[in-house]
$ cat target17.cif   # mmCIF, C-alpha atoms and all ligand atoms
data_structure
#
loop_
_atom_site.label_atom_id
_atom_site.label_comp_id
_atom_site.auth_asym_id
_atom_site.auth_seq_id
_atom_site.Cartn_x
_atom_site.Cartn_y
_atom_site.Cartn_z
CA MET A 223 -21.43 -11.88 -5.75
CA ILE A 224 -19.48 -8.76 -4.78
CA ARG A 225 -21.47 -5.65 -3.90
CA LEU A 226 -19.85 -2.21 -3.85
CA HIS A 227 -21.05 1.15 -2.63
CA ASP A 228 -21.03 3.50 -5.60
CA THR A 229 -20.57 7.18 -4.73
CA MET A 230 -22.33 8.15 -7.98
CA THR A 231 -25.63 6.45 -7.05
CA ARG A 232 -25.06 6.63 -3.27
CA GLU A 233 -26.03 2.97 -2.90
CA LYS A 234 -24.58 -0.51 -2.74
CA ARG A 235 -24.85 -2.25 -6.10
CA PRO A 236 -23.91 -5.74 -7.33
CA PHE A 237 -20.49 -5.50 -8.99
CA VAL A 238 -20.95 -6.62 -12.59
CA PRO A 239 -17.83 -5.87 -14.65
CA LEU A 240 -18.04 -4.92 -18.33
CA ASN A 241 -15.66 -7.74 -19.20
CA LYS A 242 -15.01 -10.44 -16.58
CA GLN A 243 -11.70 -11.31 -18.22
CA ARG A 244 -10.45 -7.73 -18.20
CA ILE A 245 -11.72 -5.85 -15.16
CA THR A 246 -10.24 -2.35 -14.93
CA MET A 247 -9.55 -0.40 -11.74
CA TYR A 248 -7.80 2.96 -11.40
CA VAL A 249 -6.86 4.56 -8.09
CA CYS A 250 -5.38 8.05 -7.79
CA GLY A 251 -1.85 7.56 -6.46
CA PRO A 252 0.67 9.63 -4.56
CA THR A 253 2.14 13.03 -5.38
CA VAL A 254 5.74 12.18 -4.61
CA TYR A 255 7.27 15.09 -2.70
CA GLY A 256 7.27 13.84 0.89
CA ARG A 257 6.96 10.80 3.07
CA ALA A 258 3.49 9.18 3.10
CA HIS A 259 1.57 9.26 6.40
CA ILE A 260 -0.65 6.47 7.68
CA GLY A 261 -3.74 8.26 6.30
CA ASN A 262 -2.18 8.08 2.82
CA ALA A 263 -1.65 4.36 3.36
CA ARG A 264 -5.37 3.70 3.87
CA PRO A 265 -6.44 3.81 0.19
CA ALA A 266 -3.37 1.76 -0.78
CA VAL A 267 -4.35 -0.98 1.68
CA VAL A 268 -8.11 -0.78 0.97
CA PHE A 269 -7.75 -1.06 -2.82
CA ASP A 270 -5.07 -3.73 -2.47
CA THR A 271 -7.64 -5.73 -0.47
CA LEU A 272 -10.35 -5.07 -3.05
CA ALA A 273 -7.94 -6.24 -5.78
CA ARG A 274 -7.35 -9.49 -3.85
CA LEU A 275 -11.11 -10.03 -3.52
CA ILE A 276 -11.75 -9.40 -7.24
CA ARG A 277 -8.96 -11.80 -8.22
CA HIS A 278 -10.35 -14.41 -5.84
CA GLU A 279 -13.83 -14.05 -7.37
CA PHE A 280 -12.97 -13.65 -11.06
CA GLY A 281 -9.52 -15.28 -11.36
CA PRO A 282 -5.90 -14.25 -10.80
CA LYS A 283 -5.54 -12.62 -14.22
CA SER A 284 -8.97 -10.96 -14.34
CA LEU A 285 -7.99 -7.51 -13.07
CA ILE A 286 -5.82 -4.69 -14.40
CA TYR A 287 -5.11 -2.35 -11.51
CA ALA A 288 -3.52 1.02 -12.34
CA ARG A 289 -2.31 3.53 -9.77
CA ASN A 290 -0.61 6.66 -11.06
CA VAL A 291 2.40 8.55 -9.77
CA THR A 292 2.03 12.34 -9.87
CA ASP A 293 5.60 13.41 -10.50
CA VAL A 294 5.03 16.94 -11.77
CA ASP A 295 3.35 19.32 -9.35
CA ASP A 296 3.96 22.72 -7.78
CA LYS A 297 4.83 21.18 -4.39
CA ILE A 298 7.47 19.01 -6.07
CA ILE A 299 8.88 22.06 -7.86
CA ALA A 300 9.00 23.97 -4.54
CA SER A 301 10.82 21.09 -2.77
CA ALA A 302 13.32 20.79 -5.61
CA GLU A 303 14.04 24.52 -5.49
CA GLU A 304 14.51 24.39 -1.74
CA GLU A 305 17.07 21.58 -2.03
CA GLY A 306 18.65 23.00 -5.19
CA VAL A 307 18.14 19.76 -7.12
CA ASP A 308 16.29 18.60 -10.21
CA PRO A 309 12.63 17.67 -9.52
CA SER A 310 13.43 14.09 -10.56
CA VAL A 311 15.72 13.77 -7.52
CA ILE A 312 12.76 14.53 -5.27
CA THR A 313 10.26 12.34 -7.13
CA GLU A 314 12.55 9.31 -7.43
CA ARG A 315 13.44 9.48 -3.75
CA PHE A 316 9.86 9.74 -2.50
CA GLU A 317 8.45 7.21 -4.94
CA ARG A 318 11.00 4.70 -3.66
CA PHE A 319 10.05 5.48 -0.04
CA TYR A 320 6.35 5.18 -0.94
CA LEU A 321 6.81 1.76 -2.49
CA GLU A 322 8.92 0.58 0.46
CA ASP A 323 6.40 1.83 3.02
CA MET A 324 3.41 0.33 1.19
CA GLY A 325 5.34 -2.90 0.56
CA ALA A 326 5.91 -3.18 4.32
CA LEU A 327 2.11 -2.98 4.74
CA GLY A 328 1.67 -5.91 2.35
CA VAL A 329 0.46 -3.74 -0.54
CA ALA A 330 1.37 -5.38 -3.83
CA PRO A 331 2.54 -2.99 -6.57
CA PRO A 332 -0.28 -2.20 -9.02
CA ASP A 333 -0.16 -3.79 -12.49
CA ILE A 334 0.45 -0.40 -14.09
CA ALA A 335 1.96 2.69 -12.46
CA PRO A 336 1.84 5.44 -15.09
CA HIS A 337 4.00 8.50 -14.37
CA ALA A 338 2.68 11.93 -15.36
CA THR A 339 6.02 13.09 -16.79
CA ALA A 340 6.06 10.10 -19.16
CA GLU A 341 2.52 10.72 -20.45
CA ILE A 342 2.56 14.33 -21.62
CA ALA A 343 1.66 13.45 -25.24
CA PRO A 344 -1.73 11.83 -24.41
CA MET A 345 -2.51 14.75 -22.10
CA VAL A 346 -1.76 17.30 -24.83
CA ALA A 347 -3.86 15.27 -27.26
CA MET A 348 -6.83 15.22 -24.89
CA ILE A 349 -6.54 18.96 -24.23
CA GLU A 350 -6.45 19.65 -27.98
CA ARG A 351 -9.56 17.54 -28.38
CA LEU A 352 -11.39 19.42 -25.61
CA ILE A 353 -10.46 22.75 -27.24
CA GLY A 354 -11.66 21.49 -30.62
CA LEU A 355 -15.00 20.44 -29.13
CA GLY A 356 -15.52 23.82 -27.44
CA HIS A 357 -15.04 22.54 -23.87
CA ALA A 358 -11.70 24.27 -23.27
CA TYR A 359 -9.95 27.48 -24.28
CA GLU A 360 -6.51 29.04 -24.22
CA ALA A 361 -5.85 32.21 -22.25
CA GLU A 362 -2.47 33.80 -21.43
CA GLY A 363 -0.49 30.58 -21.86
CA HIS A 364 -3.02 28.60 -19.83
CA VAL A 365 -5.62 26.21 -21.12
CA LEU A 366 -8.81 26.05 -19.06
CA PHE A 367 -11.73 23.67 -19.02
CA HIS A 368 -14.92 25.71 -19.42
CA VAL A 369 -17.26 24.29 -16.76
CA PRO A 370 -20.53 25.79 -18.11
CA SER A 371 -19.88 23.88 -21.36
CA ASP A 372 -20.68 20.63 -19.51
CA PRO A 373 -24.33 20.53 -18.39
CA THR A 374 -23.73 17.37 -16.30
CA TYR A 375 -20.92 18.94 -14.26
CA GLY A 376 -21.43 18.24 -10.54
CA VAL A 377 -22.99 14.82 -11.09
CA LEU A 378 -20.68 12.99 -8.66
CA SER A 379 -20.41 15.47 -5.80
CA LYS A 380 -24.04 16.65 -6.23
CA ARG A 381 -22.99 20.17 -5.36
CA ASP A 382 -24.81 23.23 -6.57
CA ARG A 383 -22.83 25.92 -8.24
CA GLU A 384 -22.38 28.09 -5.16
CA ALA A 385 -21.03 25.21 -3.07
CA MET A 386 -18.74 24.20 -5.93
CA LEU A 387 -17.21 27.63 -6.17
CA ALA A 388 -16.68 27.77 -2.40
CA GLY A 389 -15.32 24.19 -2.39
CA ALA A 390 -12.94 24.75 -5.26
CA ARG A 391 -11.30 27.57 -3.29
CA VAL A 392 -10.48 29.15 -6.61
CA GLU A 393 -8.50 32.28 -6.74
CA VAL A 394 -10.31 33.72 -9.70
CA ALA A 395 -7.67 34.59 -12.25
CA PRO A 396 -8.63 37.41 -14.62
CA TYR A 397 -8.21 35.19 -17.69
CA LYS A 398 -10.96 32.77 -16.60
CA ARG A 399 -14.21 33.05 -18.51
CA ASP A 400 -16.07 31.53 -15.59
CA PRO A 401 -14.86 31.37 -11.97
CA ALA A 402 -15.42 27.58 -11.89
CA ASP A 403 -13.15 26.93 -14.90
CA PHE A 404 -10.12 24.83 -14.01
CA VAL A 405 -6.61 24.51 -15.40
CA LEU A 406 -5.65 21.84 -17.93
CA TRP A 407 -2.28 23.33 -18.85
CA LYS A 408 -0.18 26.11 -17.35
CA PRO A 409 2.91 27.96 -18.52
CA SER A 410 6.41 27.16 -17.17
CA GLY A 411 9.20 29.69 -16.88
CA PRO A 412 12.47 28.95 -18.73
CA GLU A 413 14.14 27.49 -15.61
CA MET A 414 11.13 25.45 -14.60
CA ILE A 415 10.19 21.89 -15.55
CA GLY A 416 8.10 22.05 -18.72
CA TRP A 417 7.30 20.64 -22.13
CA ASP A 418 6.67 22.25 -25.51
CA SER A 419 3.03 22.34 -26.46
CA PRO A 420 0.73 24.12 -28.94
CA TRP A 421 0.23 26.71 -26.15
CA GLY A 422 3.91 27.29 -25.46
CA ARG A 423 6.23 25.70 -22.94
CA GLY A 424 4.32 24.51 -19.91
CA ARG A 425 3.12 21.66 -17.72
CA PRO A 426 -0.17 19.85 -17.16
CA GLY A 427 -2.68 20.50 -14.41
CA TRP A 428 -3.30 17.62 -12.01
CA HIS A 429 -6.79 16.53 -13.13
CA ILE A 430 -5.98 15.99 -16.82
CA GLU A 431 -3.24 13.56 -15.86
CA CYS A 432 -5.69 10.93 -14.57
CA SER A 433 -8.18 11.33 -17.43
CA ALA A 434 -5.48 10.98 -20.09
CA MET A 435 -3.69 8.08 -18.42
CA ILE A 436 -6.94 6.16 -17.84
CA ARG A 437 -7.77 6.56 -21.53
CA ALA A 438 -4.27 5.54 -22.62
CA HIS A 439 -3.93 2.46 -20.40
CA LEU A 440 -7.41 1.21 -19.56
CA GLY A 441 -9.92 2.70 -22.02
CA GLU A 442 -12.69 5.30 -22.11
CA THR A 443 -14.87 3.60 -19.49
CA ILE A 444 -13.37 1.67 -16.58
CA ASP A 445 -15.08 -0.56 -14.03
CA ILE A 446 -13.85 0.95 -10.76
CA HIS A 447 -12.38 4.35 -9.99
CA GLY A 448 -11.11 4.75 -6.45
CA GLY A 449 -9.51 7.18 -4.05
CA GLY A 450 -10.00 9.04 -0.80
CA LEU A 451 -13.22 10.94 -0.02
CA ASP A 452 -11.38 14.24 -0.34
CA LEU A 453 -10.90 13.54 -4.07
CA ILE A 454 -14.62 13.54 -4.92
CA PHE A 455 -14.54 17.28 -5.39
CA PRO A 456 -12.96 18.83 -7.28
CA HIS A 457 -10.55 16.17 -8.55
CA HIS A 458 -12.91 13.36 -9.57
CA GLU A 459 -15.63 15.75 -10.68
CA ASN A 460 -13.08 17.34 -13.02
CA GLU A 461 -11.82 13.97 -14.25
CA ILE A 462 -15.42 13.04 -15.13
CA ALA A 463 -16.01 16.32 -16.99
CA GLN A 464 -12.80 16.01 -19.03
CA SER A 465 -13.30 12.37 -19.94
CA ARG A 466 -17.03 12.53 -20.72
CA CYS A 467 -16.60 15.63 -22.86
CA ALA A 468 -13.60 14.19 -24.73
CA HIS A 469 -15.30 10.82 -25.30
CA GLY A 470 -18.72 11.75 -26.60
CA GLY A 471 -20.46 11.32 -23.25
CA ALA A 472 -19.05 7.85 -22.40
CA PRO A 473 -18.97 7.55 -18.60
CA LEU A 474 -15.49 7.50 -17.06
CA ALA A 475 -16.20 4.83 -14.44
CA ARG A 476 -19.05 2.45 -13.66
CA TYR A 477 -18.40 2.30 -9.90
CA TRP A 478 -16.92 5.13 -7.81
CA VAL A 479 -15.39 3.84 -4.59
CA HIS A 480 -14.12 6.26 -1.93
CA ASN A 481 -12.44 5.57 1.40
CA GLY A 482 -12.81 7.67 4.56
CA PHE A 483 -10.05 9.47 6.44
CA VAL A 484 -7.74 8.36 9.19
CA ASP A 485 -8.36 10.75 12.09
CA MET A 486 -6.05 11.98 14.82
CA GLY A 487 -8.20 13.00 17.77
CA ALA A 488 -11.06 15.00 16.30
CA GLU A 489 -9.26 15.96 13.10
CA LYS A 490 -8.43 14.36 9.78
CA MET A 491 -4.76 13.39 9.59
CA SER A 492 -3.17 15.67 7.02
CA LYS A 493 0.14 17.21 6.18
CA SER A 494 -1.34 20.70 6.20
CA LEU A 495 -2.63 20.23 9.78
CA GLY A 496 0.77 18.86 10.83
CA ASN A 497 -0.80 15.97 12.81
CA VAL A 498 0.65 13.09 10.84
CA ILE A 499 2.21 9.77 11.83
CA THR A 500 4.16 8.01 9.12
CA PRO A 501 4.53 4.30 8.39
CA GLU A 502 8.29 5.00 8.50
CA GLU A 503 7.97 5.97 12.17
CA LEU A 504 5.41 3.28 13.06
CA LEU A 505 7.44 0.51 11.40
CA LYS A 506 10.23 1.08 13.92
CA THR A 507 8.09 -0.37 16.68
CA HIS A 508 5.39 -2.31 14.83
CA LYS A 509 5.32 -4.86 12.08
CA GLY A 510 3.73 -3.96 8.77
CA GLU A 511 0.99 -6.58 9.18
CA THR A 512 -0.03 -5.03 12.48
CA LEU A 513 -0.49 -1.65 10.77
CA ARG A 514 -2.34 -3.30 7.88
CA LEU A 515 -4.78 -5.04 10.22
CA ALA A 516 -5.25 -1.75 12.14
CA LEU A 517 -6.10 0.02 8.86
CA LEU A 518 -8.62 -2.70 7.97
CA SER A 519 -10.29 -2.77 11.37
CA ALA A 520 -12.88 -0.11 10.44
CA HIS A 521 -15.11 -0.24 7.38
CA TYR A 522 -13.30 1.57 4.57
CA ARG A 523 -16.00 4.23 4.21
CA SER A 524 -15.99 5.10 7.92
CA PRO A 525 -13.51 7.41 9.60
CA LEU A 526 -10.72 5.50 11.34
CA PRO A 527 -9.48 7.11 14.57
CA TRP A 528 -5.78 6.25 14.89
CA THR A 529 -4.84 5.39 18.47
CA GLU A 530 -2.20 3.38 20.30
CA ASN A 531 -4.99 1.07 21.44
CA LEU A 532 -6.04 0.36 17.85
CA VAL A 533 -2.51 -0.80 17.03
CA ALA A 534 -2.19 -2.82 20.25
CA GLN A 535 -5.50 -4.58 19.51
CA ALA A 536 -4.32 -5.40 15.97
CA LYS A 537 -1.14 -6.91 17.39
CA THR A 538 -3.09 -9.02 19.92
CA ASN A 539 -5.33 -10.34 17.15
CA LEU A 540 -2.38 -11.23 14.92
CA ASP A 541 -0.60 -12.99 17.78
CA LYS A 542 -3.72 -15.11 18.27
CA LEU A 543 -4.06 -15.87 14.54
CA TYR A 544 -0.41 -16.87 14.22
CA ARG A 545 -0.72 -19.04 17.35
CA VAL A 546 -3.80 -20.88 16.07
CA ALA A 547 -2.87 -21.10 12.38
CA GLY A 548 0.81 -21.86 12.89
CA ASP A 549 2.32 -22.69 9.53
CA ALA A 550 -0.62 -24.67 8.16
CA ASP A 551 -1.00 -24.90 4.38
CA PRO A 552 -3.82 -22.66 3.16
CA GLY A 553 -7.06 -24.53 2.47
CA GLU A 554 -10.42 -23.12 1.39
CA VAL A 555 -11.39 -19.53 2.16
CA ASP A 556 -14.05 -19.47 4.88
CA GLU A 557 -17.55 -18.71 3.50
CA GLY A 558 -18.33 -16.28 6.31
CA VAL A 559 -15.17 -14.24 5.74
CA LEU A 560 -15.76 -14.19 1.99
CA GLU A 561 -19.38 -13.16 2.41
CA ALA A 562 -18.39 -10.25 4.67
CA LEU A 563 -15.72 -9.02 2.25
CA SER A 564 -18.09 -9.38 -0.70
CA ASP A 565 -20.58 -7.10 1.07
CA ASP A 566 -18.88 -3.80 0.18
CA LEU A 567 -15.58 -4.93 1.71
CA ASN A 568 -16.87 -5.27 5.26
CA THR A 569 -13.44 -5.86 6.78
CA PRO A 570 -14.44 -5.44 10.46
CA LEU A 571 -16.97 -8.27 10.11
CA ALA A 572 -14.53 -10.36 8.05
CA LEU A 573 -11.84 -9.91 10.73
CA SER A 574 -14.15 -10.86 13.59
CA ARG A 575 -15.16 -14.03 11.69
CA LEU A 576 -11.52 -14.77 10.88
CA ILE A 577 -10.51 -14.49 14.53
CA ALA A 578 -13.32 -16.83 15.56
CA LEU A 579 -12.20 -19.61 13.16
CA GLU A 580 -10.60 -22.76 14.54
CA ASP A 581 -9.47 -24.55 11.37
CA ALA A 582 -5.84 -23.55 10.75
CA SER A 583 -5.92 -24.08 6.98
CA ALA A 584 -9.11 -22.00 6.62
CA ILE A 585 -7.54 -19.23 8.71
CA LYS A 586 -4.47 -19.19 6.46
CA ALA A 587 -6.48 -19.02 3.23
CA SER A 588 -8.94 -16.42 4.54
CA ALA A 589 -6.18 -14.26 6.04
CA ALA A 590 -4.39 -14.23 2.68
CA LEU A 591 -7.46 -12.60 1.16
CA LEU A 592 -6.91 -9.76 3.64
CA GLY A 593 -3.13 -9.73 3.03
CA LEU A 594 -2.43 -11.14 6.51
CA LEU A 595 -0.44 -14.07 7.95
CA GLU A 596 2.15 -13.80 5.20
CA GLU A 597 5.06 -14.55 7.56
CA SER A 598 5.97 -17.86 9.11
CA SER A 599 4.78 -17.98 12.71
CA ASP A 600 8.40 -18.39 13.75
CA ALA A 601 9.40 -15.15 12.02
CA TRP A 602 6.36 -13.41 13.48
CA PHE A 603 7.16 -14.25 17.10
CA ARG A 604 10.94 -13.95 16.71
CA GLY A 605 10.99 -10.54 15.05
CA ASP A 606 8.95 -9.08 17.85
CA SER A 607 11.45 -6.69 19.37
CA GLY A 608 10.71 -3.00 19.18
CA GLY A 609 12.81 -0.29 17.65
CA ALA A 610 14.63 1.00 20.76
CA ASP A 611 17.28 -1.69 20.45
CA VAL A 612 17.92 -0.88 16.79
CA ASP A 613 18.28 2.83 17.56
CA SER A 614 20.93 2.13 20.18
CA ARG A 615 22.82 -0.11 17.74
CA ILE A 616 22.69 2.69 15.14
CA ALA A 617 24.11 5.10 17.72
CA GLU A 618 26.92 2.61 18.49
CA ARG A 619 27.69 2.31 14.80
CA ALA A 620 27.75 6.10 14.35
CA GLU A 621 30.23 6.35 17.21
CA ALA A 622 32.41 3.63 15.69
CA LYS A 623 32.38 5.47 12.38
CA ALA A 624 33.28 8.74 14.08
CA ASN A 625 36.28 6.92 15.62
CA ARG A 626 37.17 5.56 12.16
CA ASP A 627 36.55 2.04 13.49
CA PHE A 628 34.96 0.84 10.27
CA ALA A 629 35.31 -2.85 11.10
CA THR A 630 32.97 -2.41 14.08
CA ALA A 631 30.59 -0.21 12.07
CA ASP A 632 30.37 -2.86 9.35
CA ARG A 633 29.91 -5.63 11.88
CA ILE A 634 26.91 -3.81 13.45
CA ARG A 635 25.38 -3.29 10.01
CA ASP A 636 25.83 -6.99 9.18
CA GLU A 637 24.36 -8.13 12.49
CA LEU A 638 21.30 -5.96 12.00
CA ALA A 639 20.95 -7.20 8.42
CA ALA A 640 20.95 -10.76 9.74
CA ASP A 641 17.96 -9.73 11.91
CA GLY A 642 16.17 -8.35 8.85
CA ILE A 643 16.96 -4.68 9.59
CA VAL A 644 18.22 -2.60 6.66
CA LEU A 645 20.14 0.61 7.40
CA GLU A 646 20.01 3.59 5.08
CA ASP A 647 22.63 6.30 5.41
CA GLY A 648 21.44 9.71 4.27
CA PRO A 649 22.31 13.37 4.72
CA GLY A 650 20.13 13.56 7.84
CA GLY A 651 21.73 10.50 9.50
CA THR A 652 20.92 6.81 9.42
CA THR A 653 17.37 5.48 9.19
CA TRP A 654 16.24 1.89 9.20
CA ARG A 655 13.50 -0.35 7.98
CA ARG A 656 12.60 -4.00 8.03
CA ALA A 657 13.71 -5.88 4.92
ZN ZN A 701 -6.98 11.16 -10.17
#
$ encode --input "target17.cif" --output "structure tokens"
Amino acid sequence: MIRLHDTMTREKRPFVPLNKQRITMYVCGPTVYGRAHIGNARPAVVFDTLARLIRHEFGPKSLIYARNVTDVDDKIIASAEEEGVDPSVITERFERFYLEDMGALGVAPPDIAPHATAEIAPMVAMIERLIGLGHAYEAEGHVLFHVPSDPTYGVLSKRDREAMLAGARVEVAPYKRDPADFVLWKPSGPEMIGWDSPWGRGRPGWHIECSAMIRAHLGETIDIHGGGLDLIFPHHENEIAQSRCAHGGAPLARYWVHNGFVDMGAEKMSKSLGNVITPEELLKTHKGETLRLALLSAHYRSPLPWTENLVAQAKTNLDKLYRVAGDADPGEVDEGVLEALSDDLNTPLALSRLIALEDASAIKASAALLGLLEESSDAWFRGDSGGADVDSRIAERAEAKANRDFATADRIRDELAADGIVLEDGPGGTTWRRA
């Protein structure tokens, strides 16, 4: 029996899906305008692990896991303008990087990855419905959700109105009927990305995207809705309001699962604070499994302080697991590991039990549930060199290219490829990743 902490009720509850053959989970995905940092990777790894646990418990085909891609957003538009390219150039580039980085951390792609730009019609339909029901209104090319029209608003974050207004950091536009009202649709200038709509050419707000895509792909009420703690308010509160009001009061999700932040020193790791470390950077000196184990070494709801020691400890533990398990065939998952994971995904306890196991085939099977020990032990111990060597080889290759010695440049690329290192030439120079 899996138990999950539900943010809505603030307690751990037995996880009983609506339909055991079709369990639905939606996690808010990346806004693709920059490289993900290791804090962004935490929800990807946590919900990938939860997906593995659900499939272990209910069967490999029991779960539909959707994670969206926000590919229309003001930050994307700003990046595209800065580079003088179409927004799709930015979004395609950073979605590819995101999938590569998460793939390196052993995160399987979700079953469905809806893109906002491909789902404008269901968003427009939901907005029209909200207007028709008196929950939204048009004003100066915008459409706004009218918060006072929803008496249950605030049910997830449990904030009173004053805290909500402070938390929403709303710049109160003159066309808002109420300062808490939030944007469903906004106008686009002629040069800007936009779509025709009953309210003129424009683009969707962020919150409506998730509500409309959940409805289109999974249904009115899903089993699990996930994301980082920072999404509880206003994003998830707004998703709830939109969906409940559009669907006659049907709840959007039956379990709300939120992960804590990755911290740097005393602060949350975030782009706006400029204190980020990216998987791209970390993968030059560490293997993806090491980073994955590091991310799972604290309980998902707790803050995770990111330190060199954390990563070193993860590496030591993996070395031990690969040494003991070797290349044994996976057997039965250990009961102790399974019990820990089933108790609200208690990964620190599961890892300590895993590390204490002696039976190689049980280690293999239990580690797989955590997305670990996916390499052969030979590959693990062989591919142990850091990134300094690769950087010097890249410098050698750049010099060969500058001297028009393309045979040498190609030879270096091929030698690195044979070691599982893929080079990527871009405008800012050559970067590399593990294949
Ligand atoms: Zn969302």
$ closest_atom_pairs --input "target17.cif" --of "chain A" --to "ligand ZN 701 (chain A)" --cutoff "9 Å" --atoms "all atoms listed in the file" --output "tab-separated table"
residue	atom	partner	partner_atom	distance
A:Tyr248	CA	A:ZN701	ZN	8.3
A:Val249	CA	A:ZN701	ZN	6.9
A:Cys250	CA	A:ZN701	ZN	4.2
A:Gly251	CA	A:ZN701	ZN	7.3
A:Arg289	CA	A:ZN701	ZN	9.0
A:Asn290	CA	A:ZN701	ZN	7.8
A:Trp428	CA	A:ZN701	ZN	7.7
A:His429	CA	A:ZN701	ZN	6.1
A:Ile430	CA	A:ZN701	ZN	8.3
A:Glu431	CA	A:ZN701	ZN	7.2
A:Cys432	CA	A:ZN701	ZN	4.6
A:Ser433	CA	A:ZN701	ZN	7.4
A:His447	CA	A:ZN701	ZN	8.7
A:Gly448	CA	A:ZN701	ZN	8.5
A:Gly449	CA	A:ZN701	ZN	7.7
A:Leu453	CA	A:ZN701	ZN	7.6
A:His457	CA	A:ZN701	ZN	6.4
A:His458	CA	A:ZN701	ZN	6.4
A:Glu461	CA	A:ZN701	ZN	6.9
$ closest_atom_pairs --input "target17.cif" --of "range 525-554 of chain A" --to "range 489-494 of chain A" --cutoff "9 Å" --atoms "all atoms listed in the file" --output "Markdown table"
| residue | atom | partner | partner_atom | distance |
| --- | --- | --- | --- | --- |
| A:Pro525 | CA | A:Lys490 | CA | 8.6 |
| A:Pro527 | CA | A:Lys490 | CA | 8.8 |
| A:Trp528 | CA | A:Met491 | CA | 9.0 |
$ closest_residue --input "target17.cif" --among "A:Glu279, A:Asp372, A:Ala438, A:Tyr359" --to "Val555 in chain A" --atoms "all atoms listed in the file"
A:Glu279
$ residues_around --input "target17.cif" --residues "range 300-314 of chain A" --least-positions-apart "4" --cutoff "10 Å" --atoms "only C-alpha atoms" --output "list in words"
Thr253, Val254, Tyr255, Gly256, Val291, Thr292, Asp293, Val294, Asp295, Asp296, Arg318, Phe319, Tyr320, Thr339, Met414 and Ile415 of chain A
$ residues_around --input "target17.cif" --residues "Ala326 in chain A" --least-positions-apart "2" --cutoff "12 Å" --atoms "all atoms listed in the file" --output "CSV table (one decimal) with C-alpha atoms, keeping the file's coordinate frame"
chain,number,residue,atom,x,y,z
A,263,ALA,CA,-1.6,4.4,3.4
A,266,ALA,CA,-3.4,1.8,-0.8
A,267,VAL,CA,-4.4,-1.0,1.7
A,319,PHE,CA,10.0,5.5,0.0
A,320,TYR,CA,6.4,5.2,-0.9
A,321,LEU,CA,6.8,1.8,-2.5
A,322,GLU,CA,8.9,0.6,0.5
A,323,ASP,CA,6.4,1.8,3.0
A,324,MET,CA,3.4,0.3,1.2
A,328,GLY,CA,1.7,-5.9,2.4
A,329,VAL,CA,0.5,-3.7,-0.5
A,330,ALA,CA,1.4,-5.4,-3.8
A,331,PRO,CA,2.5,-3.0,-6.6
A,501,PRO,CA,4.5,4.3,8.4
A,502,GLU,CA,8.3,5.0,8.5
A,504,LEU,CA,5.4,3.3,13.1
A,505,LEU,CA,7.4,0.5,11.4
A,506,LYS,CA,10.2,1.1,13.9
A,508,HIS,CA,5.4,-2.3,14.8
A,509,LYS,CA,5.3,-4.9,12.1
A,510,GLY,CA,3.7,-4.0,8.8
A,511,GLU,CA,1.0,-6.6,9.2
A,512,THR,CA,0.0,-5.0,12.5
A,513,LEU,CA,-0.5,-1.6,10.8
A,514,ARG,CA,-2.3,-3.3,7.9
A,593,GLY,CA,-3.1,-9.7,3.0
A,594,LEU,CA,-2.4,-11.1,6.5
A,596,GLU,CA,2.2,-13.8,5.2
A,597,GLU,CA,5.1,-14.6,7.6
A,655,ARG,CA,13.5,-0.4,8.0
A,656,ARG,CA,12.6,-4.0,8.0
A,657,ALA,CA,13.7,-5.9,4.9
$ residues_around --input "target17.cif" --residues "Trp421 in chain A" --least-positions-apart "3" --cutoff "9 Å" --atoms "all atoms listed in the file" --output "ChimeraX atom specification"
/A:360,362-365,407-409,418,424
$ write_last_selection --input "target17.cif" --atoms "C-alpha atoms" --output "PDB file, keeping the file's coordinate frame"
ATOM      1  CA  GLU A 360      -6.510  29.040 -24.220  1.00  0.00           C
ATOM      2  CA  GLU A 362      -2.470  33.800 -21.430  1.00  0.00           C
ATOM      3  CA  GLY A 363      -0.490  30.580 -21.860  1.00  0.00           C
ATOM      4  CA  HIS A 364      -3.020  28.600 -19.830  1.00  0.00           C
ATOM      5  CA  VAL A 365      -5.620  26.210 -21.120  1.00  0.00           C
ATOM      6  CA  TRP A 407      -2.280  23.330 -18.850  1.00  0.00           C
ATOM      7  CA  LYS A 408      -0.180  26.110 -17.350  1.00  0.00           C
ATOM      8  CA  PRO A 409       2.910  27.960 -18.520  1.00  0.00           C
ATOM      9  CA  ASP A 418       6.670  22.250 -25.510  1.00  0.00           C
ATOM     10  CA  GLY A 424       4.320  24.510 -19.910  1.00  0.00           C
TER      11      GLY A 424
END
$ residues_around --input "target17.cif" --residues "Ala395 in chain A" --least-positions-apart "2" --cutoff "12 Å" --atoms "only C-alpha atoms" --output "compact mmCIF listing (two decimals) with C-alpha atoms, keeping the file's coordinate frame"
# COMPACT_ATOMS: atom_id res chain seq x y z
CA ALA A 361 -5.85 32.21 -22.25
CA GLU A 362 -2.47 33.80 -21.43
CA HIS A 364 -3.02 28.60 -19.83
CA LEU A 366 -8.81 26.05 -19.06
CA ARG A 391 -11.30 27.57 -3.29
CA VAL A 392 -10.48 29.15 -6.61
CA GLU A 393 -8.50 32.28 -6.74
CA TYR A 397 -8.21 35.19 -17.69
CA LYS A 398 -10.96 32.77 -16.60
CA ARG A 399 -14.21 33.05 -18.51
CA ASP A 400 -16.07 31.53 -15.59
CA PRO A 401 -14.86 31.37 -11.97
CA ALA A 402 -15.42 27.58 -11.89
CA ASP A 403 -13.15 26.93 -14.90
CA PHE A 404 -10.12 24.83 -14.01
CA VAL A 405 -6.61 24.51 -15.40
